[in-house]
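Here is final18.txt, consisting of compact mmCIF, C-alpha atoms and all ligand atoms:
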```
# COMPACT_ATOMS: atom_id res chain seq x y z
CA MET A 124 -2.59 -22.78 -3.38
CA SER A 125 -4.32 -23.63 -6.64
CA THR A 126 -3.71 -21.80 -9.88
CA GLN A 127 -6.36 -20.30 -12.09
CA THR A 128 -4.82 -21.37 -15.35
CA GLY A 129 -2.83 -24.34 -14.09
CA LYS A 130 0.50 -22.98 -15.25
CA SER A 131 0.80 -19.32 -14.39
CA CYS A 132 1.63 -17.86 -11.00
CA LEU A 133 0.68 -14.28 -11.78
CA GLN A 134 -2.30 -13.21 -13.86
CA ILE A 135 -2.84 -9.57 -14.76
CA ARG A 136 -6.19 -8.79 -16.30
CA GLU A 137 -7.13 -5.54 -18.07
CA VAL A 138 -5.21 -3.45 -15.56
CA ARG A 139 -5.40 0.34 -15.86
CA MET A 140 -3.61 3.08 -13.94
CA SER A 141 -4.50 6.67 -14.67
CA PHE A 142 -2.75 9.72 -13.31
CA GLY A 143 -5.34 12.38 -14.10
CA ALA A 144 -5.78 12.31 -17.89
CA LEU A 145 -2.66 10.19 -18.43
CA HIS A 146 -3.23 6.43 -18.77
CA ALA A 147 0.18 5.18 -17.68
CA VAL A 148 -1.04 1.58 -17.88
CA ASP A 149 -3.98 1.18 -20.20
CA GLY A 150 -5.69 -2.20 -20.11
CA VAL A 151 -2.74 -4.56 -19.77
CA SER A 152 -3.23 -8.32 -19.48
CA LEU A 153 -0.22 -10.53 -18.93
CA ASP A 154 0.48 -13.99 -17.49
CA LEU A 155 3.72 -14.96 -15.80
CA GLY A 156 4.28 -18.71 -16.07
CA LEU A 157 5.54 -20.80 -13.17
CA GLY A 158 9.33 -20.66 -13.32
CA GLU A 159 9.24 -18.37 -16.33
CA ARG A 160 11.73 -15.56 -16.93
CA HIS A 161 9.81 -12.83 -18.65
CA ALA A 162 11.33 -9.58 -19.93
CA LEU A 163 9.32 -6.36 -20.07
CA LEU A 164 10.66 -3.97 -22.68
CA GLY A 165 9.49 -0.63 -23.97
CA THR A 166 10.58 2.90 -24.66
CA ASN A 167 10.81 5.50 -21.89
CA GLY A 168 7.45 6.26 -20.30
CA ALA A 169 5.81 3.11 -21.73
CA GLY A 170 4.40 2.19 -18.30
CA LYS A 171 6.76 -0.61 -17.24
CA THR A 172 7.59 0.67 -13.75
CA THR A 173 3.97 1.63 -13.17
CA LEU A 174 2.96 -1.94 -14.04
CA PHE A 175 5.55 -3.21 -11.56
CA ASN A 176 4.17 -0.90 -8.89
CA LEU A 177 0.68 -2.25 -9.55
CA ILE A 178 1.89 -5.84 -9.16
CA THR A 179 3.76 -5.14 -5.93
CA GLY A 180 1.00 -3.01 -4.43
CA ASP A 181 3.03 0.19 -4.38
CA LEU A 182 0.12 1.50 -6.47
CA LEU A 183 -3.50 0.35 -6.59
CA PRO A 184 -4.97 0.16 -10.11
CA THR A 185 -7.75 2.39 -11.36
CA SER A 186 -9.37 -0.82 -12.68
CA GLY A 187 -8.56 -4.42 -13.52
CA GLN A 188 -7.49 -7.46 -11.49
CA ILE A 189 -4.26 -9.07 -10.39
CA HIS A 190 -4.18 -12.69 -9.21
CA LEU A 191 -1.30 -14.48 -7.50
CA TYR A 192 -1.65 -18.28 -7.57
CA GLY A 193 -5.35 -17.78 -8.23
CA HIS A 194 -5.90 -15.42 -5.30
CA ASP A 195 -7.14 -11.90 -5.99
CA ILE A 196 -4.45 -9.57 -4.62
CA THR A 197 -5.66 -6.45 -6.47
CA ALA A 198 -6.51 -4.52 -3.32
CA LEU A 199 -3.85 -5.92 -0.97
CA PRO A 200 -1.18 -3.59 0.44
CA ALA A 201 2.47 -4.13 -0.55
CA HIS A 202 3.60 -5.82 2.70
CA ARG A 203 0.83 -8.44 2.37
CA ARG A 204 1.81 -9.18 -1.25
CA CYS A 205 5.42 -9.55 -0.12
CA ALA A 206 4.33 -12.02 2.55
CA LEU A 207 2.50 -13.97 -0.19
CA GLY A 208 5.69 -14.27 -2.23
CA ILE A 209 6.22 -11.18 -4.39
CA GLY A 210 9.72 -9.71 -4.12
CA ARG A 211 11.19 -6.81 -6.06
CA THR A 212 14.14 -4.56 -6.77
CA TYR A 213 14.00 -0.93 -7.87
CA GLN A 214 15.63 1.02 -10.73
CA ILE A 215 17.73 2.82 -8.12
CA PRO A 216 18.78 0.45 -5.30
CA LEU A 217 16.90 1.09 -2.04
CA LEU A 218 19.40 0.30 0.71
CA PHE A 219 20.10 1.37 4.30
CA GLY A 220 23.23 3.45 3.62
CA GLY A 221 24.56 3.69 7.18
CA LEU A 222 24.43 -0.08 7.80
CA SER A 223 26.61 -2.98 6.70
CA VAL A 224 25.86 -5.37 3.84
CA LEU A 225 24.90 -8.10 6.30
CA GLU A 226 22.67 -5.80 8.37
CA ASN A 227 20.81 -4.78 5.21
CA LEU A 228 20.23 -8.43 4.35
CA VAL A 229 19.06 -9.29 7.87
CA ILE A 230 16.54 -6.45 7.81
CA ALA A 231 15.23 -7.63 4.44
CA ALA A 232 15.10 -11.25 5.66
CA ARG A 233 12.81 -10.26 8.53
CA GLY A 234 10.35 -9.09 5.89
CA PRO A 235 8.47 -5.85 5.53
CA ARG A 236 5.63 -4.93 7.86
CA LEU A 237 2.98 -2.27 7.71
CA GLY A 238 4.88 1.03 7.84
CA GLY A 239 8.33 -0.32 6.87
CA PHE A 240 11.04 -2.75 7.93
CA SER A 241 11.89 -3.77 11.50
CA LEU A 242 15.11 -2.14 12.75
CA ARG A 243 15.25 -3.95 16.11
CA PRO A 244 18.75 -5.15 17.18
CA ILE A 245 20.18 -8.02 15.14
CA ARG A 246 20.68 -11.31 17.06
CA GLU A 247 23.44 -13.59 15.86
CA ASP A 248 21.35 -16.76 16.25
CA ALA A 249 18.26 -15.55 14.40
CA ASP A 250 17.13 -17.45 11.28
CA SER A 251 17.18 -14.18 9.40
CA HIS A 252 20.87 -13.84 10.23
CA LEU A 253 21.65 -17.29 8.83
CA LEU A 254 19.71 -16.57 5.66
CA ALA A 255 21.44 -13.19 5.32
CA ARG A 256 24.89 -14.83 5.55
CA GLU A 257 23.94 -17.39 2.90
CA LEU A 258 22.59 -14.69 0.56
CA CYS A 259 25.61 -12.50 1.10
CA ALA A 260 27.74 -15.26 -0.44
CA ARG A 261 25.15 -16.11 -3.11
CA VAL A 262 25.16 -12.56 -4.51
CA GLY A 263 28.96 -12.44 -4.53
CA LEU A 264 29.41 -10.18 -1.50
CA GLY A 265 30.76 -12.76 0.97
CA SER A 266 33.93 -10.79 1.62
CA PHE A 267 31.97 -7.55 2.03
CA ALA A 268 29.57 -8.75 4.74
CA GLN A 269 30.78 -6.24 7.33
CA ALA A 270 31.43 -3.41 4.86
CA SER A 271 29.28 -0.30 5.04
CA VAL A 272 26.87 -0.06 2.14
CA SER A 273 28.05 3.48 1.52
CA LEU A 274 31.43 2.05 0.44
CA LEU A 275 30.01 -0.30 -2.20
CA SER A 276 30.29 0.34 -5.94
CA HIS A 277 27.11 0.77 -7.99
CA GLY A 278 27.45 -2.81 -9.25
CA GLN A 279 27.83 -4.17 -5.71
CA LYS A 280 24.78 -2.19 -4.62
CA LYS A 281 22.79 -3.85 -7.41
CA GLN A 282 24.06 -7.25 -6.23
CA LEU A 283 23.05 -6.42 -2.66
CA GLU A 284 19.63 -5.28 -3.78
CA LEU A 285 19.13 -8.61 -5.53
CA GLY A 286 20.11 -10.32 -2.29
CA MET A 287 17.64 -8.20 -0.34
CA ALA A 288 14.83 -9.10 -2.72
CA LEU A 289 15.76 -12.80 -2.34
CA ALA A 290 15.86 -12.40 1.44
CA THR A 291 12.09 -11.99 1.47
CA GLN A 292 12.02 -15.54 0.02
CA PRO A 293 9.83 -14.71 -2.97
CA SER A 294 8.31 -17.17 -5.41
CA VAL A 295 7.73 -14.32 -7.89
CA LEU A 296 10.60 -11.88 -8.33
CA LEU A 297 10.31 -8.51 -10.09
CA LEU A 298 13.57 -6.88 -11.16
CA ASP A 299 13.41 -3.27 -12.36
CA GLU A 300 16.32 -2.70 -14.74
CA PRO A 301 18.77 -4.99 -12.95
CA ALA A 302 21.64 -4.11 -15.31
CA ALA A 303 21.02 -0.35 -15.56
CA GLY A 304 24.14 1.77 -15.36
CA LEU A 305 26.50 -1.19 -14.95
CA SER A 306 29.90 -1.56 -16.58
CA PRO A 307 30.25 -4.56 -18.94
CA ASN A 308 32.01 -6.55 -16.20
CA ASP A 309 29.43 -5.73 -13.52
CA ARG A 310 26.66 -6.52 -16.01
CA LYS A 311 28.20 -9.94 -16.63
CA THR A 312 28.37 -10.57 -12.89
CA LEU A 313 24.75 -9.58 -12.33
CA THR A 314 23.33 -11.48 -15.29
CA GLY A 315 25.32 -14.52 -14.10
CA LEU A 316 23.73 -14.21 -10.65
CA ILE A 317 20.26 -13.99 -12.20
CA LEU A 318 20.91 -16.96 -14.49
CA ASP A 319 22.00 -18.98 -11.43
CA LEU A 320 18.75 -18.32 -9.55
CA PRO A 321 16.60 -21.43 -8.95
CA ARG A 322 14.50 -22.26 -12.02
CA GLU A 323 11.35 -22.57 -9.91
CA LEU A 324 11.56 -18.85 -9.12
CA SER A 325 9.33 -16.94 -11.56
CA ILE A 326 10.94 -13.70 -12.71
CA LEU A 327 9.48 -10.64 -14.44
CA PHE A 328 12.11 -8.04 -15.25
CA VAL A 329 12.28 -4.66 -16.94
CA GLU A 330 15.31 -4.27 -19.15
CA HIS A 331 16.37 -1.65 -21.69
CA ASP A 332 19.33 -3.61 -22.96
CA MET A 333 18.01 -6.08 -25.53
CA GLU A 334 21.10 -8.28 -25.26
CA VAL A 335 20.58 -8.73 -21.51
CA ALA A 336 16.86 -9.32 -22.05
CA MET A 337 17.51 -11.93 -24.75
CA MET A 338 20.06 -13.72 -22.59
CA LEU A 339 17.78 -13.99 -19.57
CA ALA A 340 14.25 -14.23 -20.93
CA ASP A 341 12.09 -17.19 -21.95
CA ARG A 342 9.44 -14.74 -23.16
CA VAL A 343 9.35 -11.03 -23.94
CA THR A 344 6.61 -8.42 -23.75
CA VAL A 345 7.04 -4.98 -25.27
CA MET A 346 4.97 -2.06 -23.96
CA LYS A 347 4.16 1.24 -25.64
CA ASP A 348 1.99 4.08 -24.33
CA GLY A 349 0.68 1.97 -21.47
CA ARG A 350 -0.35 -0.96 -23.67
CA ILE A 351 1.12 -4.22 -24.81
CA PHE A 352 2.71 -3.67 -28.19
CA ALA A 353 4.21 -7.10 -28.86
CA SER A 354 4.71 -10.34 -27.01
CA GLY A 355 6.37 -13.66 -27.75
CA PHE A 356 9.59 -15.64 -27.75
CA PRO A 357 12.77 -13.53 -27.66
CA ASP A 358 13.93 -14.41 -31.18
CA ASP A 359 10.52 -13.63 -32.71
CA VAL A 360 10.13 -10.30 -30.88
CA ARG A 361 13.66 -9.31 -31.78
CA LYS A 362 12.91 -9.74 -35.49
CA ASP A 363 9.43 -8.18 -35.38
CA GLU A 364 9.37 -5.29 -37.85
CA GLN A 365 7.01 -3.18 -35.73
CA VAL A 366 9.25 -3.63 -32.71
CA LEU A 367 12.28 -2.68 -34.80
CA ARG A 368 10.46 0.44 -35.97
CA LEU A 369 9.42 1.28 -32.39
CA TYR A 370 13.01 1.26 -31.32
CA MET A 371 14.29 3.44 -34.17
CA GLY A 372 16.01 6.35 -32.51
CA GLU A 373 16.60 4.39 -29.31
CA PRO A 374 20.16 3.54 -28.24
CA LEU A 375 21.83 1.22 -30.74
CA GLU A 376 22.78 -1.20 -27.95
CA LEU A 377 19.19 -2.45 -28.11
CA PHE A 378 19.98 -4.31 -31.31
CA ALA A 379 23.71 -4.81 -31.01
N1 LIG A 401 3.11 9.09 -9.87
C1 LIG A 401 2.93 9.53 -11.10
N2 LIG A 401 2.19 10.63 -11.34
C2 LIG A 401 2.00 11.07 -12.61
N3 LIG A 401 2.50 10.48 -13.72
C3 LIG A 401 3.25 9.39 -13.52
C4 LIG A 401 3.51 8.86 -12.23
N4 LIG A 401 4.28 7.74 -12.38
C5 LIG A 401 4.50 7.60 -13.68
N5 LIG A 401 3.88 8.59 -14.38
C6 LIG A 401 3.86 8.75 -15.83
O1 LIG A 401 3.37 7.52 -16.36
C7 LIG A 401 4.04 7.20 -17.57
C8 LIG A 401 4.66 5.84 -17.45
O2 LIG A 401 5.75 5.94 -16.55
P1 LIG A 401 6.64 4.68 -16.14
O3 LIG A 401 7.67 5.17 -15.17
O4 LIG A 401 5.75 3.59 -15.70
O5 LIG A 401 7.30 4.30 -17.52
P2 LIG A 401 8.52 3.34 -17.82
O6 LIG A 401 8.14 2.50 -18.98
O7 LIG A 401 8.92 2.62 -16.58
O8 LIG A 401 9.64 4.38 -18.25
P3 LIG A 401 11.24 4.33 -18.04
O9 LIG A 401 11.75 3.26 -18.93
O10 LIG A 401 11.66 5.70 -18.48
O11 LIG A 401 11.49 4.07 -16.58
C9 LIG A 401 5.05 8.32 -17.83
O12 LIG A 401 4.45 9.25 -18.71
C10 LIG A 401 5.24 8.91 -16.46
O13 LIG A 401 5.61 10.28 -16.53
```
Would you encode the structure as structure tokens?
Ligand SMILES: Nc1ncnc2c1ncn2[C@@H]1O[C@H](COP(=O)(O)OP(=O)(O)OP(=O)(O)O)[C@@H](O)[C@H]1O
Amino acid sequence: MSTQTGKSCLQIREVRMSFGALHAVDGVSLDLGLGERHALLGTNGAGKTTLFNLITGDLLPTSGQIHLYGHDITALPAHRRCALGIGRTYQIPLLFGGLSVLENLVIAARGPRLGGFSLRPIREDADSHLLARELCARVGLGSFAQASVSLLSHGQKKQLELGMALATQPSVLLLDEPAAGLSPNDRKTLTGLILDLPRELSILFVEHDMEVAMMLADRVTVMKDGRIFASGFPDDVRKDEQVLRLYMGEPLELFA
């Protein structure tokens, strides 16, 4: 596949999403570089998750275009975008609660189809099974492969969800608040797993915790009221007076 700009894998152009009179995303343009780790920050309701949903195809924009490796994916359904290389996690992990860790990973490795995931019986020799075993270890759940998901801690569920997103073998990975609600130890584990991901994987992630964002990101974009408020290198955005003012009244951990 060729790229439009030569260096970016994902190009978002003037994207809008309106819910009635509310413009949740209001003319956002953003490029995700090849292999870049890009943090999306912003106060509650800024439009971050809506923008994610527009990229993954969970929502179709009111207007604007989204290109993946130069191909217009604006109108494609979510399962087609996943097949083209977009993987994601959600703010609240979406897992199959009655199944084991490994079974969840196998189902994700088979990839989504129109109408959901395939739940046909799992064969030991299938490629998806091999990939699931490898990912189980990679996200630190090797000794929990046969454990029921319902028995996992919140942190382990976040690790599993990362594994499930990787199981779709994405080239562009979207992580929605990967460290949300985690204890300091679990947060360290998860950020370590993200830092260890292959550098060629391009990652866009929403994060409220500025420390986590600064540790993981090559570039940072801040959203406010559906628009881009600031964008740049982590150290510059962190010191930006307007950004500091925007976050006044937000949790102090943002600037710890
Ligand atoms: N399906 C929907 N219908 C109507 N309004 C919506 C819908 N989804 C989101 N919104 C509204 O759009 C705005 C942006 O929401 P969004 O969830 O994208 O923000 P966010 O930046 O992800 O916030 P948070 O950090 O709290 O998750 C909010 O005002 C929200 O209430």
Sorted by chain and rising residue number, which residues of chain A lie within 6 Å of ligand LIG 401 (chain A), and what are their closest atom pairs and distances in Å to one decimal, counting all atoms listed in the file, as JSON lines?
```
{"residue": "A:Phe142", "atom": "CA", "partner": "A:LIG401", "partner_atom": "C2", "distance": 5.0}
{"residue": "A:Ala147", "atom": "CA", "partner": "A:LIG401", "partner_atom": "O1", "distance": 4.2}
{"residue": "A:Thr166", "atom": "CA", "partner": "A:LIG401", "partner_atom": "O9", "distance": 5.9}
{"residue": "A:Asn167", "atom": "CA", "partner": "A:LIG401", "partner_atom": "O10", "distance": 3.5}
{"residue": "A:Gly168", "atom": "CA", "partner": "A:LIG401", "partner_atom": "O5", "distance": 3.4}
{"residue": "A:Ala169", "atom": "CA", "partner": "A:LIG401", "partner_atom": "O6", "distance": 3.7}
{"residue": "A:Gly170", "atom": "CA", "partner": "A:LIG401", "partner_atom": "O4", "distance": 3.2}
{"residue": "A:Lys171", "atom": "CA", "partner": "A:LIG401", "partner_atom": "O6", "distance": 3.8}
{"residue": "A:Thr172", "atom": "CA", "partner": "A:LIG401", "partner_atom": "O7", "distance": 3.7}
{"residue": "A:Thr173", "atom": "CA", "partner": "A:LIG401", "partner_atom": "O4", "distance": 3.7}
```
Go ahead and write the residues just picked, C-alpha atoms, as an mmCIF file, keeping the file's coordinate frame.
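Output file out.cif follows:
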```cif
data_model
loop_
_atom_site.group_PDB
_atom_site.id
_atom_site.type_symbol
_atom_site.label_atom_id
_atom_site.label_comp_id
_atom_site.auth_asym_id
_atom_site.auth_seq_id
_atom_site.Cartn_x
_atom_site.Cartn_y
_atom_site.Cartn_z
ATOM 1 C CA PHE A 142 -2.750 9.720 -13.310
ATOM 2 C CA ALA A 147 0.180 5.180 -17.680
ATOM 3 C CA THR A 166 10.580 2.900 -24.660
ATOM 4 C CA ASN A 167 10.810 5.500 -21.890
ATOM 5 C CA GLY A 168 7.450 6.260 -20.300
ATOM 6 C CA ALA A 169 5.810 3.110 -21.730
ATOM 7 C CA GLY A 170 4.400 2.190 -18.300
ATOM 8 C CA LYS A 171 6.760 -0.610 -17.240
ATOM 9 C CA THR A 172 7.590 0.670 -13.750
ATOM 10 C CA THR A 173 3.970 1.630 -13.170
#
```
message: As an exercise, work out the distance from atom CA of Thr179 of chain A to atom CA of Arg350 of chain A in Å and give it to one decimal place.
response: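 So the answer is 18.7 Å.
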message: For a quick check of your reading of the model, name the residues lying within 12 Å of the coordinate (31.8, -5.5, 2.4), counting all atoms listed in the file, and write them as a VMD selection string.
response: chain A and resid 222 to 227 259 to 260 262 to 276 279 to 280 282 to 283
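Of the residues listed (A:Ser325, A:Ser186, A:Leu254, A:Leu296), A:Leu254 shows the shortest atom-to-atom separation from Arg233 of chain A; distances use all atoms listed in the file.
The coordinates place atom CA of Pro301 of chain A at 18.3 Å from atom CA of Gly158 of chain A.
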query: Just how far from atom CA of Ala303 of chain A is atom CA of Glu330 of chain A, in Å to one decimal?
result: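 Value for the atom CA of Glu330 of chain A-atom CA of Ala303 of chain A distance: 7.8 Å.
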